[in-house]
>>> print(open('final.cif').read())   # mmCIF, C-alpha atoms and all ligand atoms
data_run
#
loop_
_atom_site.group_PDB
_atom_site.id
_atom_site.type_symbol
_atom_site.label_atom_id
_atom_site.label_comp_id
_atom_site.auth_asym_id
_atom_site.auth_seq_id
_atom_site.Cartn_x
_atom_site.Cartn_y
_atom_site.Cartn_z
ATOM 1 C CA MET A 1 36.495 17.966 7.465
ATOM 2 C CA THR A 2 34.281 21.011 7.831
ATOM 3 C CA MET A 3 31.550 22.544 5.748
ATOM 4 C CA THR A 4 32.920 25.562 3.897
ATOM 5 C CA PRO A 5 31.036 28.010 1.650
ATOM 6 C CA GLU A 6 32.841 26.476 -1.332
ATOM 7 C CA ARG A 7 31.848 22.949 -0.320
ATOM 8 C CA TRP A 8 28.239 24.064 0.228
ATOM 9 C CA VAL A 9 28.071 25.462 -3.306
ATOM 10 C CA PHE A 10 29.768 22.368 -4.725
ATOM 11 C CA LEU A 11 27.330 20.022 -2.965
ATOM 12 C CA GLY A 12 24.331 21.995 -4.246
ATOM 13 C CA GLU A 13 25.636 21.603 -7.791
ATOM 14 C CA TYR A 14 26.484 17.947 -7.120
ATOM 15 C CA ALA A 15 22.897 17.256 -5.973
ATOM 16 C CA LYS A 16 21.540 18.876 -9.126
ATOM 17 C CA GLU A 17 23.936 16.882 -11.320
ATOM 18 C CA VAL A 18 23.207 13.495 -9.723
ATOM 19 C CA PHE A 19 19.553 13.850 -8.690
ATOM 20 C CA GLY A 20 18.337 16.701 -10.898
ATOM 21 C CA THR A 21 17.819 14.876 -14.162
ATOM 22 C CA GLU A 22 14.870 16.257 -16.125
ATOM 23 C CA ASP A 23 13.235 15.800 -19.493
ATOM 24 C CA GLU A 24 13.856 18.102 -22.449
ATOM 25 C CA GLN A 25 10.886 20.379 -21.719
ATOM 26 C CA LEU A 26 11.718 20.887 -18.030
ATOM 27 C CA GLY A 27 15.406 21.257 -18.884
ATOM 28 C CA THR A 28 14.743 24.220 -21.173
ATOM 29 C CA LEU A 29 11.624 25.661 -19.514
ATOM 30 C CA MET A 30 13.266 28.253 -17.261
ATOM 31 C CA ASP A 31 15.645 29.439 -20.017
ATOM 32 C CA ARG A 32 12.596 30.078 -22.197
ATOM 33 C CA ALA A 33 10.779 31.723 -19.290
ATOM 34 C CA VAL A 34 13.711 34.035 -18.566
ATOM 35 C CA ALA A 35 13.920 34.917 -22.283
ATOM 36 C CA THR A 36 10.298 36.137 -22.051
ATOM 37 C CA GLY A 37 11.139 38.250 -18.997
ATOM 38 C CA LEU A 38 10.104 35.958 -16.145
ATOM 39 C CA PRO A 39 12.445 35.839 -13.122
ATOM 40 C CA GLU A 40 14.746 32.834 -12.688
ATOM 41 C CA ILE A 41 13.455 31.810 -9.267
ATOM 42 C CA ALA A 42 11.965 28.353 -9.844
ATOM 43 C CA VAL A 43 12.976 25.405 -7.687
ATOM 44 C CA SER A 44 15.916 23.342 -8.940
ATOM 45 C CA ALA A 45 15.349 19.947 -10.555
ATOM 46 C CA ASP A 46 16.435 18.032 -7.450
ATOM 47 C CA VAL A 47 13.796 19.928 -5.435
ATOM 48 C CA GLY A 48 11.259 19.388 -8.226
ATOM 49 C CA ARG A 49 11.824 15.658 -7.926
ATOM 50 C CA LEU A 50 11.430 15.917 -4.140
ATOM 51 C CA LEU A 51 8.006 17.514 -4.709
ATOM 52 C CA LYS A 52 6.970 14.745 -7.105
ATOM 53 C CA ILE A 53 8.097 12.007 -4.701
ATOM 54 C CA LEU A 54 6.311 13.637 -1.761
ATOM 55 C CA VAL A 55 3.057 14.055 -3.721
ATOM 56 C CA SER A 56 3.232 10.426 -4.804
ATOM 57 C CA LEU A 57 3.542 9.334 -1.161
ATOM 58 C CA THR A 58 0.091 10.830 -0.505
ATOM 59 C CA PRO A 59 -3.209 9.707 -2.103
ATOM 60 C CA GLY A 60 -2.437 12.452 -4.656
ATOM 61 C CA ARG A 61 -6.056 13.406 -5.256
ATOM 62 C CA LEU A 62 -5.921 17.143 -4.619
ATOM 63 C CA ALA A 63 -2.937 19.493 -4.397
ATOM 64 C CA LEU A 64 -2.568 23.261 -4.001
ATOM 65 C CA GLU A 65 0.356 25.480 -4.990
ATOM 66 C CA LEU A 66 0.861 29.145 -4.078
ATOM 67 C CA GLY A 67 3.085 30.856 -6.666
ATOM 68 C CA THR A 68 2.956 29.247 -10.136
ATOM 69 C CA LEU A 69 5.599 31.344 -11.921
ATOM 70 C CA ALA A 70 6.379 29.472 -15.176
ATOM 71 C CA GLY A 71 4.791 26.158 -14.213
ATOM 72 C CA TYR A 72 8.123 24.449 -13.467
ATOM 73 C CA SER A 73 7.321 23.202 -9.954
ATOM 74 C CA GLY A 74 3.696 22.670 -10.986
ATOM 75 C CA ILE A 75 4.694 20.163 -13.667
ATOM 76 C CA TRP A 76 6.714 18.182 -11.104
ATOM 77 C CA ILE A 77 3.790 18.237 -8.639
ATOM 78 C CA ALA A 78 1.271 17.243 -11.324
ATOM 79 C CA ARG A 79 3.452 14.272 -12.283
ATOM 80 C CA GLY A 80 3.213 12.950 -8.731
ATOM 81 C CA LEU A 81 -0.609 13.078 -8.632
ATOM 82 C CA ALA A 82 -2.922 10.093 -8.895
ATOM 83 C CA PRO A 83 -4.281 9.473 -12.439
ATOM 84 C CA ASP A 84 -7.450 11.405 -11.576
ATOM 85 C CA GLY A 85 -5.682 13.866 -9.262
ATOM 86 C CA LYS A 86 -5.831 17.633 -9.584
ATOM 87 C CA LEU A 87 -3.554 20.588 -8.818
ATOM 88 C CA ILE A 88 -4.843 24.104 -8.204
ATOM 89 C CA THR A 89 -2.025 26.650 -8.529
ATOM 90 C CA ILE A 90 -2.403 30.340 -7.672
ATOM 91 C CA GLU A 91 -0.532 33.090 -9.552
ATOM 92 C CA TYR A 92 -0.776 36.858 -9.197
ATOM 93 C CA GLU A 93 0.905 37.900 -12.479
ATOM 94 C CA ASP A 94 -1.136 37.288 -15.632
ATOM 95 C CA ARG A 95 1.934 36.939 -17.849
ATOM 96 C CA HIS A 96 3.337 34.255 -15.526
ATOM 97 C CA ALA A 97 -0.020 32.439 -15.545
ATOM 98 C CA ASP A 98 -0.207 32.656 -19.370
ATOM 99 C CA PHE A 99 3.290 31.211 -19.771
ATOM 100 C CA ALA A 100 2.618 28.485 -17.190
ATOM 101 C CA GLU A 101 -0.666 27.413 -18.800
ATOM 102 C CA SER A 102 1.054 26.841 -22.124
ATOM 103 C CA GLU A 103 3.894 24.858 -20.506
ATOM 104 C CA LEU A 104 1.498 22.758 -18.415
ATOM 105 C CA ALA A 105 -0.447 21.878 -21.566
ATOM 106 C CA ARG A 106 2.775 21.031 -23.397
ATOM 107 C CA ALA A 107 3.792 18.768 -20.500
ATOM 108 C CA GLY A 108 0.537 16.843 -20.920
ATOM 109 C CA VAL A 109 -0.848 17.874 -17.527
ATOM 110 C CA GLY A 110 -3.033 20.779 -18.641
ATOM 111 C CA ASP A 111 -6.204 18.827 -17.818
ATOM 112 C CA LYS A 112 -4.977 18.117 -14.255
ATOM 113 C CA VAL A 113 -3.911 21.648 -13.383
ATOM 114 C CA GLU A 114 -6.052 24.726 -12.850
ATOM 115 C CA VAL A 115 -4.222 28.062 -12.709
ATOM 116 C CA VAL A 116 -6.175 30.464 -10.493
ATOM 117 C CA ARG A 117 -5.270 34.103 -11.092
ATOM 118 C CA GLY A 118 -5.087 36.513 -8.192
ATOM 119 C CA ALA A 119 -3.327 37.223 -4.922
ATOM 120 C CA ALA A 120 -3.222 34.075 -2.794
ATOM 121 C CA LEU A 121 -4.821 35.691 0.268
ATOM 122 C CA ASP A 122 -7.664 37.064 -1.906
ATOM 123 C CA VAL A 123 -8.513 33.819 -3.708
ATOM 124 C CA LEU A 124 -7.890 31.290 -0.901
ATOM 125 C CA PRO A 125 -11.328 31.844 0.743
ATOM 126 C CA GLU A 126 -13.093 30.995 -2.538
ATOM 127 C CA ILE A 127 -10.901 27.921 -3.017
ATOM 128 C CA ARG A 128 -11.535 26.859 0.582
ATOM 129 C CA ASP A 129 -15.316 27.164 0.071
ATOM 130 C CA ARG A 130 -15.095 25.190 -3.160
ATOM 131 C CA LEU A 131 -12.889 22.344 -1.862
ATOM 132 C CA GLY A 132 -14.139 22.037 1.690
ATOM 133 C CA PRO A 133 -12.186 21.259 4.863
ATOM 134 C CA ALA A 134 -9.485 18.572 5.130
ATOM 135 C CA SER A 135 -9.500 18.061 1.358
ATOM 136 C CA LEU A 136 -5.852 18.694 0.405
ATOM 137 C CA ASP A 137 -3.313 15.877 0.174
ATOM 138 C CA PHE A 138 -0.451 18.222 -0.693
ATOM 139 C CA VAL A 139 0.302 21.938 -0.442
ATOM 140 C CA PHE A 140 3.340 23.785 -1.828
ATOM 141 C CA ILE A 141 3.781 27.325 -0.480
ATOM 142 C CA ASP A 142 6.060 29.459 -2.690
ATOM 143 C CA ALA A 143 4.455 32.921 -3.177
ATOM 144 C CA VAL A 144 5.173 36.042 -1.031
ATOM 145 C CA LYS A 145 7.623 35.090 1.736
ATOM 146 C CA SER A 146 6.294 37.723 4.197
ATOM 147 C CA GLU A 147 2.796 36.227 3.864
ATOM 148 C CA TYR A 148 3.685 32.616 4.765
ATOM 149 C CA VAL A 149 2.203 32.950 8.285
ATOM 150 C CA GLU A 150 -1.113 34.134 6.834
ATOM 151 C CA TYR A 151 -1.057 31.406 4.179
ATOM 152 C CA PHE A 152 -0.614 28.824 6.917
ATOM 153 C CA ALA A 153 -3.620 30.145 8.857
ATOM 154 C CA ALA A 154 -5.798 30.064 5.735
ATOM 155 C CA ILE A 155 -4.613 26.664 4.496
ATOM 156 C CA LYS A 156 -4.311 24.646 7.706
ATOM 157 C CA PRO A 157 -8.045 23.727 7.889
ATOM 158 C CA MET A 158 -7.859 22.518 4.291
ATOM 159 C CA VAL A 159 -5.070 19.964 4.867
ATOM 160 C CA ALA A 160 -6.238 16.366 5.260
ATOM 161 C CA ILE A 161 -4.855 14.262 8.100
ATOM 162 C CA GLY A 162 -1.843 12.534 6.578
ATOM 163 C CA GLY A 163 -1.503 15.345 4.053
ATOM 164 C CA LEU A 164 1.776 17.167 3.450
ATOM 165 C CA LEU A 165 2.475 20.888 3.605
ATOM 166 C CA VAL A 166 5.741 21.876 1.915
ATOM 167 C CA ALA A 167 7.191 25.390 1.807
ATOM 168 C CA ASP A 168 10.057 26.734 -0.305
ATOM 169 C CA ASN A 169 12.701 29.320 0.607
ATOM 170 C CA VAL A 170 12.427 28.759 4.351
ATOM 171 C CA TYR A 171 16.139 29.601 4.805
ATOM 172 C CA GLY A 172 15.812 32.739 2.677
ATOM 173 C CA THR A 173 16.062 34.067 -0.865
ATOM 174 C CA GLY A 174 18.360 36.349 -2.841
ATOM 175 C CA GLN A 175 16.635 39.156 -0.896
ATOM 176 C CA GLY A 176 17.961 37.967 2.474
ATOM 177 C CA TRP A 177 18.510 35.021 4.775
ATOM 178 C CA ILE A 178 17.399 33.818 8.192
ATOM 179 C CA ASP A 179 20.771 34.643 9.815
ATOM 180 C CA GLU A 180 20.472 38.204 8.452
ATOM 181 C CA GLY A 181 17.052 38.657 10.034
ATOM 182 C CA TYR A 182 15.090 38.043 6.815
ATOM 183 C CA GLY A 183 13.038 35.138 5.678
ATOM 184 C CA THR A 184 10.343 32.981 7.117
ATOM 185 C CA ASP A 185 11.600 32.441 10.690
ATOM 186 C CA GLU A 186 8.191 33.177 12.241
ATOM 187 C CA PHE A 187 6.487 30.748 9.836
ATOM 188 C CA ASN A 188 9.102 28.039 10.412
ATOM 189 C CA ARG A 189 8.661 28.251 14.193
ATOM 190 C CA LEU A 190 4.867 28.392 13.898
ATOM 191 C CA VAL A 191 4.684 25.193 11.845
ATOM 192 C CA ALA A 192 7.396 23.420 13.878
ATOM 193 C CA GLY A 193 5.490 24.205 17.090
ATOM 194 C CA ASP A 194 2.047 23.221 15.805
ATOM 195 C CA PRO A 195 1.043 19.915 17.434
ATOM 196 C CA ASP A 196 -1.235 19.151 14.470
ATOM 197 C CA PHE A 197 1.854 18.794 12.262
ATOM 198 C CA GLU A 198 5.125 16.930 12.400
ATOM 199 C CA SER A 199 7.717 19.046 10.606
ATOM 200 C CA THR A 200 11.283 19.125 9.455
ATOM 201 C CA VAL A 201 13.461 21.009 7.006
ATOM 202 C CA THR A 202 15.833 19.913 4.286
ATOM 203 C CA PRO A 203 18.564 22.400 3.359
ATOM 204 C CA MET A 204 18.154 21.648 -0.350
ATOM 205 C CA ARG A 205 18.609 24.828 -2.401
ATOM 206 C CA GLU A 206 17.152 27.673 -0.240
ATOM 207 C CA GLY A 207 15.568 25.435 2.426
ATOM 208 C CA VAL A 208 12.468 23.294 1.995
ATOM 209 C CA LEU A 209 10.138 22.768 4.972
ATOM 210 C CA ILE A 210 8.196 19.496 5.019
ATOM 211 C CA ALA A 211 5.262 19.101 7.425
ATOM 212 C CA ARG A 212 2.795 16.235 7.728
ATOM 213 C CA ARG A 213 -0.629 16.774 9.256
ATOM 214 C CA VAL A 214 -0.866 14.203 12.034
ATOM 215 C CA ARG A 215 -4.250 15.064 13.544
HETATM 216 N N1 LIG A 301 6.733 27.730 -7.581
HETATM 217 C C1 LIG A 301 7.495 28.281 -8.703
HETATM 218 C C2 LIG A 301 8.163 29.596 -8.338
HETATM 219 C C3 LIG A 301 7.219 30.632 -7.783
HETATM 220 S S1 LIG A 301 8.001 32.214 -7.670
HETATM 221 C C4 LIG A 301 8.556 27.276 -9.097
HETATM 222 O O1 LIG A 301 9.344 26.885 -8.225
HETATM 223 O O2 LIG A 301 8.605 26.873 -10.269
HETATM 224 C C5 LIG A 301 6.730 33.121 -6.871
HETATM 225 C C6 LIG A 301 5.530 33.435 -7.761
HETATM 226 O O3 LIG A 301 4.521 33.975 -6.915
HETATM 227 C C7 LIG A 301 5.802 34.479 -8.845
HETATM 228 O O4 LIG A 301 5.367 34.013 -10.088
HETATM 229 C C8 LIG A 301 4.958 35.674 -8.409
HETATM 230 O O5 LIG A 301 4.404 36.419 -9.494
HETATM 231 C C9 LIG A 301 3.861 34.984 -7.630
HETATM 232 N N2 LIG A 301 3.177 35.866 -6.681
HETATM 233 C C10 LIG A 301 3.576 37.063 -6.203
HETATM 234 N N3 LIG A 301 2.688 37.526 -5.319
HETATM 235 C C11 LIG A 301 1.708 36.617 -5.233
HETATM 236 C C12 LIG A 301 0.511 36.514 -4.483
HETATM 237 N N4 LIG A 301 0.150 37.468 -3.613
HETATM 238 N N5 LIG A 301 -0.262 35.431 -4.655
HETATM 239 C C13 LIG A 301 0.090 34.450 -5.526
HETATM 240 N N6 LIG A 301 1.214 34.487 -6.257
HETATM 241 C C14 LIG A 301 2.012 35.549 -6.109
HETATM 242 MG MG MG A 302 10.731 29.398 -4.247
#
>>> encode(input="final.cif", output="structure tokens", more="lines below")
Ligand code: SAH
Ligand code: MG
Amino acid sequence: MTMTPERWVFLGEYAKEVFGTEDEQLGTLMDRAVATGLPEIAVSADVGRLLKILVSLTPGRLALELGTLAGYSGIWIARGLAPDGKLITIEYEDRHADFAESELARAGVGDKVEVVRGAALDVLPEIRDRLGPASLDFVFIDAVKSEYVEYFAAIKPMVAIGGLLVADNVYGTGQGWIDEGYGTDEFNRLVAGDPDFESTVTPMREGVLIARRVR
């Protein structure tokens, strides 16, 4: 028995069917987002649940997301936070941020989530000054793929020991894949080789890197 392209596609759909259950709002959110002109590039529901589980394995006090889009992944992350936990999510496009804010409110997590508007590399210094070092229990990197190395440099001092750093699309995107010379190969190797983190990857959807700050 070998892995074939057909089997790979089937298993991705199988994972979504078995593990990707979602409530009515999440189940219709991306269709509504696409109808308003947002791109259909959110994580799948099985990955959303992975994010929620991972957040809930941390103290869940403070989380950071780069790339809000429609708020889909943000709702999953917010649902894994502690009761008094908070998510800061950064989004460059105002119309994405507007859509996300309304969905986050509708999901009942509007008071736990702050959408910061701007380019991640521009607003991260202000967020770092505000939160202080080693303050983040959870980070989800999902903005500009070519900037992941710079995001890591900016965010690393903010991750608490025991905190998790998760990155999406580490095998590639519709724009290109690792084996074609695209994607986040440099970032993947940087994190994997950093002795301050223990890292692995799950091939769910387009590749999800999971790293835990160990020192
Ligand atoms: N995390 C979302 C998907 C994010 S898609 C989910 O899975 O539900 C990537 C998002 O990053 C898009 O909304 C895009 O507008 C935004 N983006 C693009 N450039 C950015 C930048 N420099 N800083 C922050 N966000 C950016
Ligand atoms: Mg993504």
>>> closest_residue(input="final.cif", among="A:Lys52, A:Leu121, A:Ile155, A:Val43", to="Lys16 of chain A", atoms="all atoms listed in the file")
A:Val43
>>> residues_around(input="final.cif", residues="segment 161-169 of chain A", least_positions_apart="3", cutoff="9 Å", atoms="all atoms listed in the file", output="number ranges by chain")
A: 43, 51, 54-55, 58-59, 134-143, 145, 148, 156, 172-173, 183-184, 196-197, 199, 205-215
>>> resolve_selection(input="final.cif", expression="the PyMOL selection byres (((chain A and resi 154) around 12) and not hetatm)", output="ChimeraX atom specification")
/A:66,120-129,133,139,141,147-153,155-159
>>> resolve_selection(input="final.cif", expression="the PyMOL selection byres (((chain A and resi 92) around 7) and not hetatm)", output="NGL selection string")
:A and (90-91 or 93-94 or 117-119)
>>> atom_distance(input="final.cif", atom1="atom CA of Ile88 of chain A", atom2="atom CA of Leu26 of chain A")
19.5 Å
>>> closest_residue(input="final.cif", among="A:Leu87, A:Ala97, A:Val113, A:Val9", to="ligand LIG 301 (chain A)", atoms="only C-alpha atoms and all ligand atoms")
A:Ala97
>>> residues_around(input="final.cif", residues="segment 98-108 of chain A", least_positions_apart="3", cutoff="7 Å", atoms="all atoms listed in the file", output="JSON, numbers by chain")
{"A": [69, 70, 71, 75, 94, 95]}
>>> axis_aligned_box(input="final.cif", around="segment 129-143 of chain A", padding_each_side="5 Å", output="JSON")
{"center_x": -4.6, "center_y": 24.4, "center_z": 1.0, "size_x": 31.4, "size_y": 27.0, "size_z": 18.3}
>>> atom_distance(input="final.cif", atom1="atom O4 of ligand LIG 301 (chain A)", atom2="atom CA of Pro5 of chain A")
28.9 Å
>>> atom_distance(input="final.cif", atom1="atom N2 of ligand LIG 301 (chain A)", atom2="atom CA of His96 of chain A")
9.0 Å
>>> closest_residue(input="final.cif", among="A:Asp23, A:Tyr72, A:Ser56, A:Glu6", to="ligand LIG 301 (chain A)", atoms="all atoms listed in the file")
A:Tyr72
>>> resolve_selection(input="final.cif", expression="the PyMOL selection byres (((chain A and resi 46) around 12) and not hetatm)", output="ChimeraX atom specification")
/A:11-22,26-27,42-45,47-53,73,76,202-205,208
>>> closest_residue(input="final.cif", among="A:Glu186, A:Asp194, A:Glu114, A:Asp179", to="Thr68 of chain A", atoms="all atoms listed in the file")
A:Glu114
